[in-house]
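*Asks:* Structure incoming, see below.
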Protein chains: 2
Amino acid sequence: MGVTVKDVASVAGVSQATAARALGGYGYVSPVARRTIEEAARTMGYRRHAVARALASKVTHTVGLVVSDIENPFFAAAARGLSDVLEPAGYTILLANSDEDLEREERLVEAFRSRRVDGLVVVPSVASATPHLVDLVAAGVPLVLFDRPVRKLDVDVVMVDNKQGASNAVGHLIGLGHRRIGLVSDAPEISSSAERIAGYRVALRKAGIAVDERLIALTGSTQADGYRGATALLETRDRPTAIFTANNMMSVGTLLALRDLGLRIPEDVALVGFDDLEWTTLIEPALTVVRQPVHEIGRRAGERLLARLHGDRSAARRTRLPTEFVVRGSCGAR
Amino acid sequence: MGVTVKDVASVAGVSQATAARALGGYGYVSPVARRTIEEAARTMGYRRHAVARALASKVTHTVGLVVSDIENPFFAAAARGLSDVLEPAGYTILLANSDEDLEREERLVEAFRSRRVDGLVVVPSVASATPHLVDLVAAGVPLVLFDRPVRKLDVDVVMVDNKQGASNAVGHLIGLGHRRIGLVSDAPEISSSAERIAGYRVALRKAGIAVDERLIALTGSTQADGYRGATALLETRDRPTAIFTANNMMSVGTLLALRDLGLRIPEDVALVGFDDLEWTTLIEPALTVVRQPVHEIGRRAGERLLARLHGDRSAARRTRLPTEFVVRGSCGAR
DNA sequence: GTGAAAGCGCTAACAC
DNA sequence: GTGTTAGCGCTTTCAC
C-alpha cells in the first residue's frame with residue numbers, strides 16, 4: 001500500500017541505505033543523489049513511517065501527558081504551554097486524564113510506556129513515591145512532574161510557590177482586619193493543596209491568630225464539593241468573615257454557596273481565590289486572586305523535558321514559579 | 001534492555017510464537033502453556049512493545065485529535081468526551097492545536113499520518129475540501145469531523161444544529177420586542193460560525209425585520225477581537241438594543257465592552273450568547289445562552305470513529321445534536 | 001495447540 | 001559518499 005524507502009530507492013536508482021539517509025536526514029548523501037531521491041519520493045508520494053523508524057531507532061518522538069482532567073482550565077493552559085514547546089521540537093503529545101485516581105494514573109503511565117514514549121509529564125495523584133513512577137525513573141525514562149512534587153522521587157518538578165501564594169492571600173485578608181478566615185480546599189493528599197493549606201496556617205500563625213480547625217473545610221475536587229464545603233462553613237452561627245479558596249473549582253463552588261445563602265461579597269464575607277480565570281473579572285465584584293503563570297508552567301515543563309531528552313543528566317531541578325497576587329473587589333480592599 | 005517475547009519464550013520453554021500468542025492475546029494457546037508464559041512474563045517484568053506490535057500488525061491503536069485550541073473550554077470538553085470513549089476501548093489520543101490555521105493543520109495531520117494513527121478527529125479550519133483531508137479520506141484513514149462539516153467531503157461529522165440554535169436565540173430576542181439586534185461573531189470561514197450567522201439572518205427575516213449589515217460585527221476568534229467587534233457596534237449613535245454573540249469568546253469580549261461603556265444588561269442592551277460555561281451563572285445578570293452538549297459531541301465523535309475502526313463501511317453520517325436554549329437574566333425575559 | 005520462518009519499514013554498523 | 005547486512009520486537013502464515 002504505502003510507498004517505502006525501498007521503493008523510492010529502486011526508482012531513484014540508489015541503494016535503500018542511501019535513500020534512507022536522504023529521506024531520514026542523517027548520514028552523508030551527495031547533493032545530486034539527494035535531489036534525485038527527494039524528487040522520486042515526492043512524485044511517488046512517499047511518507048515517512050514513524051513507527052518503523054521508532055522501532056529501529058528506539059526513539060518515538062512522542063511524549064505522554066497525564067493530567068487530572070483536561071477540562072480544568074489550569075491543566076488545559078498548562079497542556080497548551082507544553083505543546084507550544086514540544087511540538088516545534090518535533091514531538092507529539094499523548095494525552096490522558098487520570099481524574100486524580102491513582103489506579104487510572106498507573107494504567108495510563110503503563111499504556112504510555114508500552115507505547116515507548118520518550119518522556120512523560122505527569123500531574124501525580126498522590127504525593128508519595130508509588131511504584132509506577134519509581135520504576136519509570138529507575139528505567140531511565142525522563143519524567144517531569146507538573147504542579148506537584150512527589151516525596152522521595154528525585155525528578156524535575158515545575159510548580160508554583162503555593163505556600164507563599166496562599167500565605168500572601170491570607171495575610172492580605174488579615175491586613176484588612178479579618179480574624180475569622182475560612183479555608184475551602186480539596187484534599188491535602190494533593191500536595192499543591194497541602195502547600196496552600198500550609199500557607200494559610202502560616203499566615204495566621206504569623207499574625208498571632210490561633211488556627212480554628214472548624215474554619216477549614218477539606219473536601220473533594222469538584223465544584224459541587226466546594227459548594228458543600230463553603231456551605232458548611234457559612235451555615236455555622238459564628239461564620240467566617242472572609243474565605244480563601246484553594247483553587248478555581250473551590251472558588252466557583254463557594255461563589256455559588258454565597259449567593260444561595262444571600263451573602264454579599266465583600267460586605268458579609270470577603271473572598272480571595274487561587275487561580276485566575278477569564279470570568280474572575282466578569283463577576284461583580286471581581287475576584288481577588290492568586291494568579292499562577294499557567295502557560296509558563298507548561299512551557300517550563302516542556303523545556304525541562306526537552307533538556308532531558310537531549311541528554312541532560314544534571315541533578316533534578318525543582319522549578320518554583322512565583323504567583324502573583326491580584327487585588328480586585330472581592331477582598332474588600334477597594 | 002527490555003524483556004522481549006523471545007526472552008519470555010525461552011524461559012517458559014516454548015517457542016516465540018506461542019509466547020507471543022499468549023502475551024498478545026490472539027490465536028490458540030493451551031491453558032497450561034498460557035499460565036507458564038504469563039508467570040514467566042510477570043517475574044521477568046515483560047512489557048508489551050506497542051511500537052513493534054504496530055509495525056507488524058499495521059494497527060497502532062492511536063487516534064489523532066486536532067482542535068483549534070485545547071484551552072477553549074468547548075474543545076477541552078469535547079476532547080474529554082472523546083477520551084472517555086476511546087481510552088476504555090484501548091486507544092491513545094495524540095493531541096495537537098491548529099489555532100484555526102490551515103497550514104498548521106496540514107502539518108499536524110501529516111505528522112499524525114506519519115505516526116500511522118488508526119483514525120483522526122479534526123476540527124477543520126476551513127470549510128472547503130483541502131488536499132490534506134481529501135487525501136486522508138482517499139487513503140482510507142477514518143476521519144471524523146468535529147463541530148464543523150467540510151464541503152464536498154463525505155465523512156462523518158458530529159456537530160450541533162447551529163442555525164437552529166442561533167435562530168432560536170435571536171427569535172427569542174425578537175419576541176421580547178427587540179428590532180435592532182446586533183451580532184458579534186468570528187469569521188464566517190469557520191462554518192459553525194457561518195451557520196450561526198445564517199440562523200441570525202433567518203430569524204430576522206422570518207419576523208419581517210430587514211437585516212441591517214451595520215449591526216453585524218465579524219471579527220477574529222479571540223476575546224479581544226470580540227471586544228473590538230462589540231465596541232464598534234455599541235459606539236454607533238444608533239446602537240442595537242440587543243446583541244447575540246456567536247460563541248463564548250465573543251461573549252466574554254462583549255461583556256467586557258459593555259462594562260467599559262457603562263451599559264447595563266439587559267436594560268441598555270440585552271444579551272444572549274452561544275455556549276454555556278461555568279461562569280455564565282456567576283455573573284449578574286446570569287447569561288442567557290444557547291447551550292451545546294459539549295461532552296456528548298466528543299463522545300459521539302468517539303463512537304463514530306470506533307465504529308469505523310471496527311470496520312463500519314456504511315455511508316458517512318452527519319450527526320446533528322440539538323442545542324438547548326437556556327433563559328436567564330441577560331436577555332431581559334425575567 | 002505449537003513451532004519455524006518470513007516479514008513489517010526503517011536505522012545502524014561496517015566495509016568499500 | 002554509497003552499498004551490504006543485520007537487526008528493532010512483534011505478528012502472521014503455514015506446516016506439523
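Residue numbers start at 1 in each chain; chains themselves are named A, B, ... in the order of the C-alpha cells; ligands are numbered from 1 in the order shown.
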Using only C-alpha atoms (C1' of nucleotides), tabulate the residues of chain C lying at most 7 Å from any atom of chain A, each with its closest atom pair and that distance in Å to one decimal, by chain and increasing residue number, as a tab-separated table.
*Replies:*
```
residue	atom	partner	partner_atom	distance
C:DG9	C1'	A:Ala52	CA	5.0
C:DC10	C1'	A:Arg53	CA	4.8
C:DT11	C1'	A:Ala56	CA	5.2
```
*Asks:* Within 9 Å of chain A, which residues of chain B show up? Give each one with its shortest atom-to-atom distance in Å (one decimal) and the two atoms involved, counting only C-alpha atoms, rows by chain then rising residue number, as a tab-separated table.
*Replies:*
```
residue	atom	partner	partner_atom	distance
B:Arg47	CA	A:Ser114	CA	6.3
B:Arg48	CA	A:Ser114	CA	5.6
B:His49	CA	A:Ser114	CA	5.2
B:Ala50	CA	A:Arg115	CA	4.9
B:Val51	CA	A:Arg115	CA	5.9
B:Ala52	CA	A:Leu55	CA	6.0
B:Ala54	CA	A:Val51	CA	7.1
B:Leu55	CA	A:Ala52	CA	6.0
B:Thr60	CA	A:Val51	CA	8.5
B:Thr62	CA	A:Leu94	CA	9.0
B:Asp69	CA	A:Arg80	CA	7.8
B:Ile70	CA	A:Ala76	CA	6.1
B:Glu71	CA	A:Ala76	CA	5.1
B:Asn72	CA	A:Ala76	CA	8.4
B:Pro73	CA	A:Glu71	CA	6.8
B:Phe74	CA	A:Glu71	CA	9.0
B:Phe75	CA	A:Glu71	CA	8.8
B:Ala76	CA	A:Glu71	CA	5.2
B:Ala77	CA	A:Glu71	CA	5.7
B:Ala78	CA	A:Glu71	CA	9.0
B:Ala79	CA	A:Ile70	CA	7.9
B:Arg80	CA	A:Ile70	CA	6.7
B:Ser83	CA	A:Ala96	CA	7.4
B:Asp84	CA	A:Asn97	CA	8.9
B:Glu87	CA	A:Ala96	CA	8.2
B:Gly90	CA	A:Ala111	CA	8.9
B:Thr92	CA	A:Leu94	CA	6.7
B:Ile93	CA	A:Leu94	CA	5.6
B:Leu94	CA	A:Leu94	CA	4.5
B:Leu95	CA	A:Ile93	CA	5.7
B:Ala96	CA	A:Ile93	CA	7.4
B:Asn97	CA	A:Arg80	CA	8.0
B:Glu110	CA	A:Arg47	CA	8.7
B:Ala111	CA	A:Thr92	CA	8.2
B:Phe112	CA	A:Thr92	CA	8.4
B:Arg113	CA	A:Arg47	CA	8.3
B:Ser114	CA	A:His49	CA	5.2
B:Arg115	CA	A:Ala50	CA	4.9
B:Arg116	CA	A:Val51	CA	7.1
B:Val252	CA	A:Leu282	CA	7.9
B:Leu255	CA	A:Leu282	CA	7.5
B:Leu256	CA	A:Leu282	CA	7.3
B:Arg259	CA	A:Leu282	CA	9.0
B:Glu278	CA	A:Val252	CA	8.0
B:Trp279	CA	A:Trp279	CA	5.9
B:Thr280	CA	A:Trp279	CA	8.4
B:Thr281	CA	A:Leu256	CA	8.7
B:Leu282	CA	A:Ile283	CA	6.3
B:Ile283	CA	A:Ile283	CA	4.7
B:Glu284	CA	A:Ile283	CA	6.8
```
*Asks:* Give me, as a list in words, the contact residues of chain D against chain B at a cut-off of 7 Å, counting only C-alpha atoms (C1' of nucleotides).
*Replies:*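 Every residue meeting the condition is included here: DG9, DC10 and DT11 of chain D.
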*Asks:* Write a file of the just-selected residues containing N, CA and C atoms (P, O5', C5', C4', C3', O3' and C1' of nucleotides), as an mmCIF file, in the first residue's frame.
*Replies:*
```
data_model
loop_
_atom_site.group_PDB
_atom_site.id
_atom_site.type_symbol
_atom_site.label_atom_id
_atom_site.label_comp_id
_atom_site.auth_asym_id
_atom_site.auth_seq_id
_atom_site.Cartn_x
_atom_site.Cartn_y
_atom_site.Cartn_z
ATOM 1 P P DG D 9 14.432 -5.041 20.926
ATOM 2 O "O5'" DG D 9 12.942 -5.598 20.792
ATOM 3 C "C5'" DG D 9 11.848 -4.698 20.933
ATOM 4 C "C4'" DG D 9 10.595 -5.346 20.391
ATOM 5 C "C3'" DG D 9 10.255 -6.703 21.025
ATOM 6 O "O3'" DG D 9 8.894 -6.657 21.400
ATOM 7 C "C1'" DG D 9 10.213 -6.849 18.683
ATOM 8 P P DC D 10 8.125 -7.844 22.094
ATOM 9 O "O5'" DC D 10 7.071 -8.212 20.969
ATOM 10 C "C5'" DC D 10 6.092 -7.239 20.639
ATOM 11 C "C4'" DC D 10 5.670 -7.387 19.198
ATOM 12 C "C3'" DC D 10 4.757 -8.571 18.926
ATOM 13 O "O3'" DC D 10 3.391 -8.125 18.960
ATOM 14 C "C1'" DC D 10 6.396 -8.251 17.198
ATOM 15 P P DT D 11 2.226 -9.229 18.930
ATOM 16 O "O5'" DT D 11 2.048 -9.463 17.354
ATOM 17 C "C5'" DT D 11 1.590 -8.376 16.553
ATOM 18 C "C4'" DT D 11 1.524 -8.819 15.111
ATOM 19 C "C3'" DT D 11 0.459 -9.864 14.799
ATOM 20 O "O3'" DT D 11 -0.113 -9.482 13.554
ATOM 21 C "C1'" DT D 11 2.553 -10.646 14.073
#
```
*Asks:* From a DSSP calculation on the backbone, collect every residue of region 6-199 of chain A in helix (DSSP H, G or I) and output the set as number ranges by chain.
*Replies:* A: 6-12, 16-24, 31-44, 50-57, 73-86, 102-114, 131-138, 162-175, 191-199
*Asks:* DC14 (chain C): which residues within 12 Å, counting only C-alpha atoms (C1' of nucleotides), same-chain residues fewer than 4 positions away excluded, as a count of residues only?
*Replies:* 4
*Asks:* Excluding Arg179 (chain B) and residues on its chain fewer than 3 positions from it, collect all residues at most 9 Å away from it, counting only C-alpha atoms (C1' of nucleotides), and give them as a VMD selection string.
*Replies:* chain B and resid 173 to 174 204 209 240 to 242
*Asks:* Write out, as an mmCIF file, in the first residue's frame, the residues just selected, with N, CA, C and O atoms.
*Replies:*
```cif
data_model
loop_
_atom_site.group_PDB
_atom_site.id
_atom_site.type_symbol
_atom_site.label_atom_id
_atom_site.label_comp_id
_atom_site.auth_asym_id
_atom_site.auth_seq_id
_atom_site.Cartn_x
_atom_site.Cartn_y
_atom_site.Cartn_z
ATOM 1 N N LEU B 173 -35.173 37.015 21.284
ATOM 2 C CA LEU B 173 -34.920 38.442 21.457
ATOM 3 C C LEU B 173 -35.995 39.260 20.721
ATOM 4 O O LEU B 173 -36.492 40.270 21.230
ATOM 5 N N ILE B 174 -36.361 38.791 19.549
ATOM 6 C CA ILE B 174 -37.385 39.484 18.769
ATOM 7 C C ILE B 174 -38.715 39.438 19.521
ATOM 8 O O ILE B 174 -39.437 40.420 19.626
ATOM 9 N N LEU B 204 -34.435 36.965 11.771
ATOM 10 C CA LEU B 204 -34.861 38.335 11.483
ATOM 11 C C LEU B 204 -35.832 38.339 10.314
ATOM 12 O O LEU B 204 -36.908 38.940 10.367
ATOM 13 N N ILE B 209 -38.081 41.500 9.692
ATOM 14 C CA ILE B 209 -37.163 42.592 10.003
ATOM 15 C C ILE B 209 -36.021 42.574 8.984
ATOM 16 O O ILE B 209 -35.391 41.541 8.765
ATOM 17 N N PRO B 240 -27.521 48.918 18.745
ATOM 18 C CA PRO B 240 -28.529 47.861 18.885
ATOM 19 C C PRO B 240 -29.076 47.824 20.315
ATOM 20 O O PRO B 240 -28.408 48.238 21.253
ATOM 21 N N THR B 241 -30.282 47.313 20.465
ATOM 22 C CA THR B 241 -30.871 47.219 21.804
ATOM 23 C C THR B 241 -30.604 45.835 22.386
ATOM 24 O O THR B 241 -30.851 45.578 23.550
ATOM 25 N N ALA B 242 -30.092 44.959 21.529
ATOM 26 C CA ALA B 242 -29.772 43.608 21.982
ATOM 27 C C ALA B 242 -28.620 43.078 21.131
ATOM 28 O O ALA B 242 -28.421 43.527 20.002
#
```
*Asks:* Which residues are near region 162-164 of chain B? Cut-off 8 Å, only C-alpha atoms (C1' of nucleotides), ignore same chain within fewer than 6 positions. Put them as an MDAnalysis selection string.
*Replies:* chainID B and resid 192:193 195:200 323
*Asks:* Just how far from CA of Val157 (chain A) is CA of Val170 (chain A), in Å to one decimal?
*Replies:*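 CA of Val170 (chain A) sits 25.6 Å away from CA of Val157 (chain A).
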*Asks:* Skip region 31-46 of chain A itself and residues of its chain fewer than 2 positions away, then list as a PyMOL selection string all residues within 6 Å of it, counting only C-alpha atoms (C1' of nucleotides).
*Replies:* chain A and resi 3+8+12+22
*Asks:* Taking all heavy atoms for each residue, export the selection above as a CSV table (one decimal), in the first residue's frame.
*Replies:*
```
chain,number,residue,atom,x,y,z
A,3,VAL,N,4.2,3.7,0.0
A,3,VAL,CA,5.5,3.8,-0.6
A,3,VAL,C,6.6,3.7,0.4
A,3,VAL,O,6.5,4.4,1.4
A,3,VAL,CB,5.6,5.1,-1.4
A,3,VAL,CG1,7.0,5.2,-2.1
A,3,VAL,CG2,4.5,5.3,-2.4
A,8,VAL,N,11.3,3.9,-3.2
A,8,VAL,CA,11.9,5.1,-3.6
A,8,VAL,C,13.4,4.9,-4.1
A,8,VAL,O,13.8,5.4,-5.2
A,8,VAL,CB,12.0,6.2,-2.5
A,8,VAL,CG1,12.7,7.4,-2.9
A,8,VAL,CG2,10.6,6.5,-2.0
A,12,ALA,N,14.9,5.7,-7.7
A,12,ALA,CA,15.9,6.7,-7.8
A,12,ALA,C,17.2,6.0,-8.2
A,12,ALA,O,18.2,6.7,-8.5
A,12,ALA,CB,16.1,7.4,-6.5
A,22,ALA,N,19.0,10.0,2.9
A,22,ALA,CA,18.4,11.2,2.3
A,22,ALA,C,17.1,11.6,2.9
A,22,ALA,O,16.8,12.7,3.4
A,22,ALA,CB,18.3,11.1,0.8
```
*Asks:* For C1' of DG3 (chain C) and C1' of DA15 (chain D), quote the distance in Å rounded to one decimal.
*Replies:*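 A separation of 8.9 Å between them.
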*Asks:* Give me the residues near region 315-321 of chain A as a list of chain:residue names, where near means some atom within 7 Å (using only C-alpha atoms (C1' of nucleotides)) and where sequence neighbours in that chain fewer than 5 positions away do not count.
*Replies:*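 So, after excluding close chain neighbours, the residues are A:Asp154, A:Val155, A:Asp156, A:Val157, A:Val158, A:Met159, A:Val160, A:Asp161.
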